[in-house]
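Visitor: See data23.txt below, with compact mmCIF, N, CA and C atoms.
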```txt
# COMPACT_ATOMS: atom_id res chain seq x y z
N MET A 1 261.18 -102.65 150.95
CA MET A 1 259.94 -102.57 151.64
C MET A 1 258.79 -102.81 150.67
N LYS A 2 257.82 -103.47 151.18
CA LYS A 2 256.68 -103.81 150.37
C LYS A 2 255.61 -102.73 150.52
N GLY A 3 255.04 -102.26 149.34
CA GLY A 3 254.01 -101.24 149.39
C GLY A 3 252.64 -101.85 149.59
N LYS A 4 251.71 -101.03 149.96
CA LYS A 4 250.35 -101.48 150.17
C LYS A 4 249.66 -101.66 148.82
N GLN A 5 249.03 -102.81 148.57
CA GLN A 5 248.33 -103.08 147.32
C GLN A 5 246.93 -103.64 147.59
N ASP A 6 246.29 -103.19 148.63
CA ASP A 6 244.97 -103.73 148.99
C ASP A 6 243.91 -103.39 147.94
N GLY A 7 243.89 -102.18 147.42
CA GLY A 7 242.85 -101.74 146.50
C GLY A 7 243.13 -102.13 145.06
N PHE A 8 244.28 -102.62 144.74
CA PHE A 8 244.66 -102.91 143.37
C PHE A 8 243.83 -104.05 142.78
N VAL A 9 243.53 -105.05 143.52
CA VAL A 9 242.79 -106.21 143.04
C VAL A 9 241.36 -105.82 142.66
N SER A 10 240.71 -105.00 143.45
CA SER A 10 239.33 -104.61 143.13
C SER A 10 239.29 -103.73 141.88
N ILE A 11 240.23 -102.81 141.72
CA ILE A 11 240.27 -101.97 140.52
C ILE A 11 240.55 -102.83 139.29
N GLU A 12 241.44 -103.77 139.42
CA GLU A 12 241.78 -104.66 138.33
C GLU A 12 240.55 -105.50 137.91
N CYS A 13 239.78 -105.98 138.86
CA CYS A 13 238.57 -106.75 138.56
C CYS A 13 237.53 -105.89 137.87
N ILE A 14 237.32 -104.68 138.33
CA ILE A 14 236.34 -103.78 137.72
C ILE A 14 236.72 -103.46 136.28
N MET A 15 237.99 -103.21 136.03
CA MET A 15 238.46 -102.90 134.68
C MET A 15 238.30 -104.11 133.76
N SER A 16 238.64 -105.28 134.23
CA SER A 16 238.53 -106.47 133.38
C SER A 16 237.06 -106.79 133.08
N ILE A 17 236.18 -106.62 134.04
CA ILE A 17 234.75 -106.86 133.81
C ILE A 17 234.20 -105.83 132.82
N SER A 18 234.62 -104.58 132.92
CA SER A 18 234.13 -103.56 131.98
C SER A 18 234.64 -103.84 130.56
N ILE A 19 235.87 -104.30 130.41
CA ILE A 19 236.41 -104.64 129.09
C ILE A 19 235.65 -105.82 128.50
N ILE A 20 235.35 -106.82 129.32
CA ILE A 20 234.57 -107.98 128.85
C ILE A 20 233.16 -107.55 128.44
N CYS A 21 232.53 -106.68 129.22
CA CYS A 21 231.18 -106.19 128.88
C CYS A 21 231.17 -105.42 127.57
N ILE A 22 232.18 -104.61 127.34
CA ILE A 22 232.27 -103.86 126.08
C ILE A 22 232.44 -104.82 124.91
N GLY A 23 233.28 -105.82 125.07
CA GLY A 23 233.47 -106.82 124.02
C GLY A 23 232.19 -107.59 123.71
N ILE A 24 231.46 -108.00 124.74
CA ILE A 24 230.19 -108.71 124.54
C ILE A 24 229.17 -107.81 123.86
N TYR A 25 229.12 -106.55 124.22
CA TYR A 25 228.20 -105.60 123.60
C TYR A 25 228.49 -105.44 122.11
N ILE A 26 229.76 -105.31 121.76
CA ILE A 26 230.14 -105.15 120.35
C ILE A 26 229.76 -106.40 119.55
N ILE A 27 230.04 -107.56 120.09
CA ILE A 27 229.72 -108.80 119.39
C ILE A 27 228.21 -108.98 119.25
N SER A 28 227.45 -108.69 120.30
CA SER A 28 226.01 -108.89 120.24
C SER A 28 225.34 -107.92 119.26
N THR A 29 225.79 -106.68 119.20
CA THR A 29 225.19 -105.73 118.25
C THR A 29 225.52 -106.11 116.81
N SER A 30 226.73 -106.60 116.57
CA SER A 30 227.07 -107.01 115.20
C SER A 30 226.27 -108.25 114.79
N LEU A 31 226.04 -109.18 115.70
CA LEU A 31 225.23 -110.36 115.39
C LEU A 31 223.77 -109.98 115.13
N TYR A 32 223.24 -109.05 115.92
CA TYR A 32 221.87 -108.61 115.72
C TYR A 32 221.71 -107.89 114.38
N SER A 33 222.68 -107.07 114.01
CA SER A 33 222.62 -106.39 112.72
C SER A 33 222.68 -107.39 111.57
N SER A 34 223.51 -108.40 111.71
CA SER A 34 223.60 -109.44 110.68
C SER A 34 222.28 -110.19 110.56
N TYR A 35 221.65 -110.49 111.69
CA TYR A 35 220.38 -111.20 111.68
C TYR A 35 219.30 -110.37 110.98
N CYS A 36 219.24 -109.08 111.26
CA CYS A 36 218.25 -108.21 110.61
C CYS A 36 218.52 -108.12 109.10
N PHE A 37 219.77 -108.04 108.71
CA PHE A 37 220.13 -107.96 107.30
C PHE A 37 219.76 -109.25 106.57
N ILE A 38 219.96 -110.40 107.21
CA ILE A 38 219.62 -111.68 106.60
C ILE A 38 218.11 -111.79 106.40
N ASN A 39 217.32 -111.38 107.38
CA ASN A 39 215.86 -111.41 107.23
C ASN A 39 215.38 -110.48 106.12
N TYR A 40 215.99 -109.31 106.01
CA TYR A 40 215.64 -108.37 104.95
C TYR A 40 215.93 -108.98 103.58
N ASN A 41 217.11 -109.59 103.43
CA ASN A 41 217.48 -110.20 102.15
C ASN A 41 216.59 -111.39 101.83
N LYS A 42 216.20 -112.17 102.83
CA LYS A 42 215.33 -113.32 102.61
C LYS A 42 214.00 -112.87 102.03
N GLU A 43 213.44 -111.80 102.57
CA GLU A 43 212.18 -111.27 102.07
C GLU A 43 212.32 -110.75 100.65
N GLN A 44 213.42 -110.07 100.37
CA GLN A 44 213.67 -109.55 99.02
C GLN A 44 213.79 -110.69 98.01
N PHE A 45 214.48 -111.78 98.38
CA PHE A 45 214.63 -112.92 97.49
C PHE A 45 213.29 -113.60 97.23
N GLN A 46 212.45 -113.72 98.23
CA GLN A 46 211.13 -114.29 98.03
C GLN A 46 210.32 -113.45 97.04
N MET A 47 210.35 -112.15 97.21
CA MET A 47 209.63 -111.26 96.31
C MET A 47 210.18 -111.34 94.89
N LEU A 48 211.49 -111.41 94.76
CA LEU A 48 212.12 -111.50 93.45
C LEU A 48 211.77 -112.81 92.76
N ASN A 49 211.76 -113.92 93.50
CA ASN A 49 211.41 -115.21 92.91
C ASN A 49 209.96 -115.24 92.46
N ILE A 50 209.06 -114.64 93.22
CA ILE A 50 207.66 -114.57 92.81
C ILE A 50 207.53 -113.75 91.54
N ALA A 51 208.22 -112.62 91.47
CA ALA A 51 208.16 -111.76 90.28
C ALA A 51 208.71 -112.48 89.04
N LYS A 52 209.81 -113.20 89.21
CA LYS A 52 210.38 -113.94 88.08
C LYS A 52 209.43 -115.02 87.58
N SER A 53 208.80 -115.73 88.49
CA SER A 53 207.88 -116.79 88.06
C SER A 53 206.65 -116.20 87.36
N LYS A 54 206.15 -115.05 87.83
CA LYS A 54 205.01 -114.42 87.16
C LYS A 54 205.39 -113.89 85.78
N ILE A 55 206.61 -113.40 85.62
CA ILE A 55 207.09 -112.94 84.31
C ILE A 55 207.15 -114.13 83.35
N GLU A 56 207.68 -115.25 83.82
CA GLU A 56 207.77 -116.43 82.95
C GLU A 56 206.39 -116.95 82.58
N ASP A 57 205.45 -116.91 83.51
CA ASP A 57 204.07 -117.33 83.21
C ASP A 57 203.45 -116.42 82.16
N ALA A 58 203.66 -115.12 82.30
CA ALA A 58 203.11 -114.17 81.33
C ALA A 58 203.75 -114.35 79.95
N LYS A 59 205.06 -114.60 79.91
CA LYS A 59 205.73 -114.85 78.62
C LYS A 59 205.17 -116.11 77.97
N TYR A 60 204.95 -117.14 78.76
CA TYR A 60 204.40 -118.39 78.24
C TYR A 60 203.00 -118.15 77.67
N ASP A 61 202.20 -117.38 78.39
CA ASP A 61 200.84 -117.08 77.91
C ASP A 61 200.86 -116.30 76.60
N VAL A 62 201.77 -115.35 76.47
CA VAL A 62 201.86 -114.55 75.25
C VAL A 62 202.35 -115.42 74.09
N LYS A 63 203.37 -116.21 74.31
CA LYS A 63 203.94 -117.01 73.22
C LYS A 63 203.00 -118.12 72.76
N ASN A 64 202.22 -118.67 73.66
CA ASN A 64 201.35 -119.79 73.30
C ASN A 64 199.91 -119.38 73.07
N SER A 65 199.69 -118.11 72.79
CA SER A 65 198.33 -117.67 72.52
C SER A 65 197.92 -117.96 71.08
N GLY A 66 198.85 -118.43 70.25
CA GLY A 66 198.54 -118.79 68.87
C GLY A 66 198.21 -117.58 68.04
N LEU A 67 197.18 -117.69 67.22
CA LEU A 67 196.79 -116.59 66.34
C LEU A 67 195.91 -115.58 67.06
N LYS A 68 195.51 -115.90 68.27
CA LYS A 68 194.67 -114.99 69.04
C LYS A 68 195.47 -113.74 69.41
N VAL A 69 194.86 -112.60 69.24
CA VAL A 69 195.52 -111.34 69.55
C VAL A 69 195.43 -111.12 71.07
N VAL A 70 196.59 -110.89 71.67
CA VAL A 70 196.62 -110.64 73.11
C VAL A 70 196.37 -109.16 73.33
N GLU A 71 195.33 -108.85 74.06
CA GLU A 71 195.01 -107.46 74.36
C GLU A 71 195.76 -107.02 75.61
N ASN A 72 195.73 -105.75 75.86
CA ASN A 72 196.32 -105.23 77.08
C ASN A 72 195.55 -105.80 78.28
N SER A 73 196.28 -106.31 79.24
CA SER A 73 195.62 -106.90 80.41
C SER A 73 196.30 -106.44 81.69
N HIS A 74 195.52 -106.44 82.73
CA HIS A 74 196.00 -106.04 84.05
C HIS A 74 195.42 -107.03 85.05
N ASP A 75 196.29 -107.62 85.87
CA ASP A 75 195.85 -108.64 86.81
C ASP A 75 196.48 -108.37 88.18
N VAL A 76 195.68 -108.46 89.23
CA VAL A 76 196.17 -108.27 90.60
C VAL A 76 195.84 -109.53 91.38
N GLU A 77 196.87 -110.11 92.02
CA GLU A 77 196.71 -111.31 92.83
C GLU A 77 197.32 -111.07 94.21
N TYR A 78 196.91 -111.89 95.15
CA TYR A 78 197.50 -111.86 96.49
C TYR A 78 197.99 -113.26 96.81
N GLU A 79 199.27 -113.37 97.20
CA GLU A 79 199.86 -114.67 97.47
C GLU A 79 200.85 -114.54 98.62
N ASN A 80 200.64 -115.29 99.68
CA ASN A 80 201.53 -115.32 100.85
C ASN A 80 201.77 -113.93 101.44
N GLY A 81 200.77 -113.08 101.44
CA GLY A 81 200.90 -111.75 101.99
C GLY A 81 201.51 -110.73 101.04
N TYR A 82 201.74 -111.12 99.79
CA TYR A 82 202.30 -110.22 98.79
C TYR A 82 201.23 -109.86 97.76
N LYS A 83 201.24 -108.62 97.34
CA LYS A 83 200.36 -108.17 96.27
C LYS A 83 201.14 -108.26 94.97
N ILE A 84 200.61 -109.01 93.99
CA ILE A 84 201.29 -109.22 92.72
C ILE A 84 200.48 -108.54 91.64
N ASP A 85 201.08 -107.55 91.00
CA ASP A 85 200.42 -106.75 89.98
C ASP A 85 201.09 -107.04 88.63
N THR A 86 200.37 -107.69 87.71
CA THR A 86 200.91 -108.07 86.41
C THR A 86 200.18 -107.29 85.31
N THR A 87 200.95 -106.66 84.43
CA THR A 87 200.39 -105.89 83.33
C THR A 87 201.06 -106.33 82.03
N ILE A 88 200.23 -106.60 81.01
CA ILE A 88 200.74 -106.94 79.68
C ILE A 88 200.21 -105.87 78.72
N GLN A 89 201.13 -105.19 78.04
CA GLN A 89 200.76 -104.13 77.10
C GLN A 89 201.36 -104.42 75.74
N LYS A 90 200.58 -104.20 74.70
CA LYS A 90 201.09 -104.38 73.35
C LYS A 90 202.00 -103.20 73.01
N ASN A 91 203.18 -103.50 72.51
CA ASN A 91 204.13 -102.47 72.11
C ASN A 91 203.82 -102.07 70.67
N ARG A 92 203.45 -100.84 70.48
CA ARG A 92 203.02 -100.36 69.15
C ARG A 92 204.20 -100.21 68.19
N ASP A 93 205.40 -100.11 68.68
CA ASP A 93 206.56 -99.88 67.81
C ASP A 93 207.04 -101.15 67.11
N TYR A 94 206.75 -102.31 67.65
CA TYR A 94 207.26 -103.56 67.11
C TYR A 94 206.11 -104.52 66.86
N TYR A 95 206.27 -105.36 65.87
CA TYR A 95 205.23 -106.30 65.47
C TYR A 95 205.13 -107.44 66.48
N GLN A 96 203.96 -107.67 67.01
CA GLN A 96 203.64 -108.74 67.97
C GLN A 96 204.61 -108.77 69.15
N CYS A 97 204.92 -107.61 69.67
CA CYS A 97 205.80 -107.50 70.84
C CYS A 97 204.97 -106.95 72.00
N TYR A 98 205.18 -107.54 73.14
CA TYR A 98 204.41 -107.16 74.32
C TYR A 98 205.36 -106.84 75.48
N LYS A 99 205.02 -105.79 76.19
CA LYS A 99 205.79 -105.40 77.38
C LYS A 99 205.07 -105.98 78.59
N ILE A 100 205.84 -106.66 79.44
CA ILE A 100 205.29 -107.29 80.63
C ILE A 100 205.88 -106.60 81.85
N ASN A 101 205.02 -106.09 82.71
CA ASN A 101 205.42 -105.46 83.96
C ASN A 101 204.86 -106.27 85.12
N VAL A 102 205.73 -106.63 86.06
CA VAL A 102 205.29 -107.35 87.25
C VAL A 102 205.79 -106.58 88.47
N GLY A 103 204.88 -106.31 89.38
CA GLY A 103 205.23 -105.65 90.63
C GLY A 103 204.80 -106.51 91.80
N VAL A 104 205.71 -106.74 92.72
CA VAL A 104 205.41 -107.51 93.94
C VAL A 104 205.66 -106.57 95.11
N SER A 105 204.67 -106.47 95.99
CA SER A 105 204.83 -105.55 97.11
C SER A 105 204.18 -106.13 98.36
N ASN A 106 204.67 -105.66 99.49
CA ASN A 106 204.04 -105.94 100.78
C ASN A 106 204.00 -104.61 101.52
N LYS A 107 203.83 -104.65 102.82
CA LYS A 107 203.68 -103.40 103.58
C LYS A 107 204.94 -102.55 103.57
N LYS A 108 206.12 -103.19 103.48
CA LYS A 108 207.37 -102.44 103.60
C LYS A 108 208.12 -102.25 102.28
N HIS A 109 208.06 -103.23 101.38
CA HIS A 109 208.94 -103.23 100.21
C HIS A 109 208.13 -103.37 98.92
N ASP A 110 208.80 -103.01 97.83
CA ASP A 110 208.18 -103.06 96.51
C ASP A 110 209.26 -103.42 95.49
N ILE A 111 208.98 -104.41 94.64
CA ILE A 111 209.91 -104.80 93.58
C ILE A 111 209.15 -104.78 92.26
N ARG A 112 209.75 -104.19 91.23
CA ARG A 112 209.15 -104.14 89.91
C ARG A 112 210.14 -104.70 88.89
N ILE A 113 209.62 -105.57 88.00
CA ILE A 113 210.44 -106.16 86.95
C ILE A 113 209.71 -105.95 85.63
N ASN A 114 210.45 -105.55 84.60
CA ASN A 114 209.90 -105.36 83.26
C ASN A 114 210.59 -106.32 82.31
N SER A 115 209.83 -106.80 81.31
CA SER A 115 210.39 -107.69 80.32
C SER A 115 209.57 -107.56 79.04
N TYR A 116 210.06 -108.16 77.96
CA TYR A 116 209.36 -108.15 76.68
C TYR A 116 209.19 -109.58 76.20
N ALA A 117 208.11 -109.82 75.44
CA ALA A 117 207.87 -111.13 74.86
C ALA A 117 207.27 -110.92 73.48
N THR A 118 207.60 -111.83 72.58
CA THR A 118 207.02 -111.79 71.24
C THR A 118 206.10 -112.97 71.08
N GLN A 119 205.11 -112.79 70.18
CA GLN A 119 204.12 -113.83 70.00
C GLN A 119 204.60 -114.81 68.98
```
Kindly present the structure from the file in structure tokens form.
Guide:
Amino acid sequence: MKGKQDGFVSIECIMSISIICIGIYIISTSLYSSYCFINYNKEQFQMLNIAKSKIEDAKYDVKNSGLKVVENSHDVEYENGYKIDTTIQKNRDYYQCYKINVGVSNKKHDIRINSYATQ
């Protein structure tokens, strides 16, 4: 004898649709998280590249200053929405050695790089 299976098809459809919805939700949240992480890293790399270029510029200025004594200097610039803070300080412990500090910041993040240069 054949049993009644009228309600089985509707329950089966509801379960399969709920499983598909859960799978789509998991995939979409992981893609969104990846997208946010990529944007965060992109901003960090831009800030890091700006800081590296400012450090190299400051090293070039110190090395090519000739016999002129480089005094302690502090410079603040704004570029592409970033605040760039460059400081050059004479290191008293070593002869003609200068400490270079560069900070790049925006509303959310802050990166600081330190380096040394000799004249």
Visitor: Which of these, A:Ile26, A:Ala51, A:Leu31, A:Ala58, has the shortest distance to Gly103 (chain A) once you count only N, CA and C atoms?
Guide: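 Of the candidates, the smallest distance to Gly103 (chain A) is held by A:Ala51.
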Visitor: What residues in chain A get the DSSP label strand (DSSP E)? Please answer as an MDAnalysis selection string.
Guide: chainID A and resid 73:79 82:91 97:105 110:118
Visitor: Which is closer to Lys83 (chain A) than all the others in A:Asn101, A:Asn106, A:Gln119, A:Asn41, using only N, CA and C atoms?
Guide: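 Going through A:Asn101, A:Asn106, A:Gln119, A:Asn41 one by one, the smallest distance to Lys83 (chain A) is for A:Asn106.
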Visitor: Please report the interatomic distance between atom C of Thr87 (chain A) and CA of His74 (chain A) in Å with one decimal.
Guide: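 Calculated distance between atom C of Thr87 (chain A) and CA of His74 (chain A) is 5.5 Å.
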